[in-house]
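**Student:** One structure coming up, written as structure tokens, with questions to follow.
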Amino acid sequence: MKKLIALVLALVLVMSVSVIAFATEVGSGNGNDVIPWDEIVNAGYSKGDYNRDGKVTAYDARKVIQAAAGSIKASNADVKLCDLNGDGELTAYDARQILKIAAEA
């Protein structure tokens, strides 16, 4: 029984080393193949779609106003998706632009 346990542990160790070696080889590089998380979260959504329901509406503008006022916390992905003037933060201007987009839809 001890020999069987030792064999199983040896196999687990060998497989672990193989998986780790493969993972580092696949992920190795200069970092250009890494996609930021907020781009993954925002993929396929329109600028201004705060709640990511596929539509830009007054609700999205409301959430941006709340984030601008500090009543709710916007994630980095939220800011990247709804910062329409590119200043790096959510403001009333962004909410206004989102309302314009919603009105045109």
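Naming scheme: A, B, ... for chains in displayed order of the structure tokens; residues 1 onward per chain; ligands 1 onward as shown.
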Tell me, as a list in words, which residues lie within 9 Å of range 46-57 of chain A, counting only C-alpha atoms; anything in the same chain fewer than 2 positions away does not count.
**Tutor:**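 Close residues of range 46-57 of chain A: Asn42, Ala43, Gly44, Tyr59, Asp60, Ala61, Arg62, Lys63, Val64, Asp78, Val79, Lys80, Leu81, Cys82, Asp83, Leu84, Asp94, Ala95, Gln97, Ile98, Leu99, Ile101, Ala102, Ala103 and Ala105 of chain A.
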**Student:** Rounded to one decimal place, report the CA of Pro36 in chain A-CA of Lys73 in chain A distance in Å.
**Tutor:** 19.8 Å
**Student:** Interatomic distance between CA of Ala68 in chain A and CA of Gly86 in chain A?
**Tutor:** 14.2 Å
**Student:** With only C-alpha atoms as the atoms that count, which of A:Leu90, A:Ala77, A:Val8, A:Ile65 lies nearest to Trp37 in chain A?
**Tutor:**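 Among the listed residues, A:Ala77 lies closest to Trp37 in chain A.
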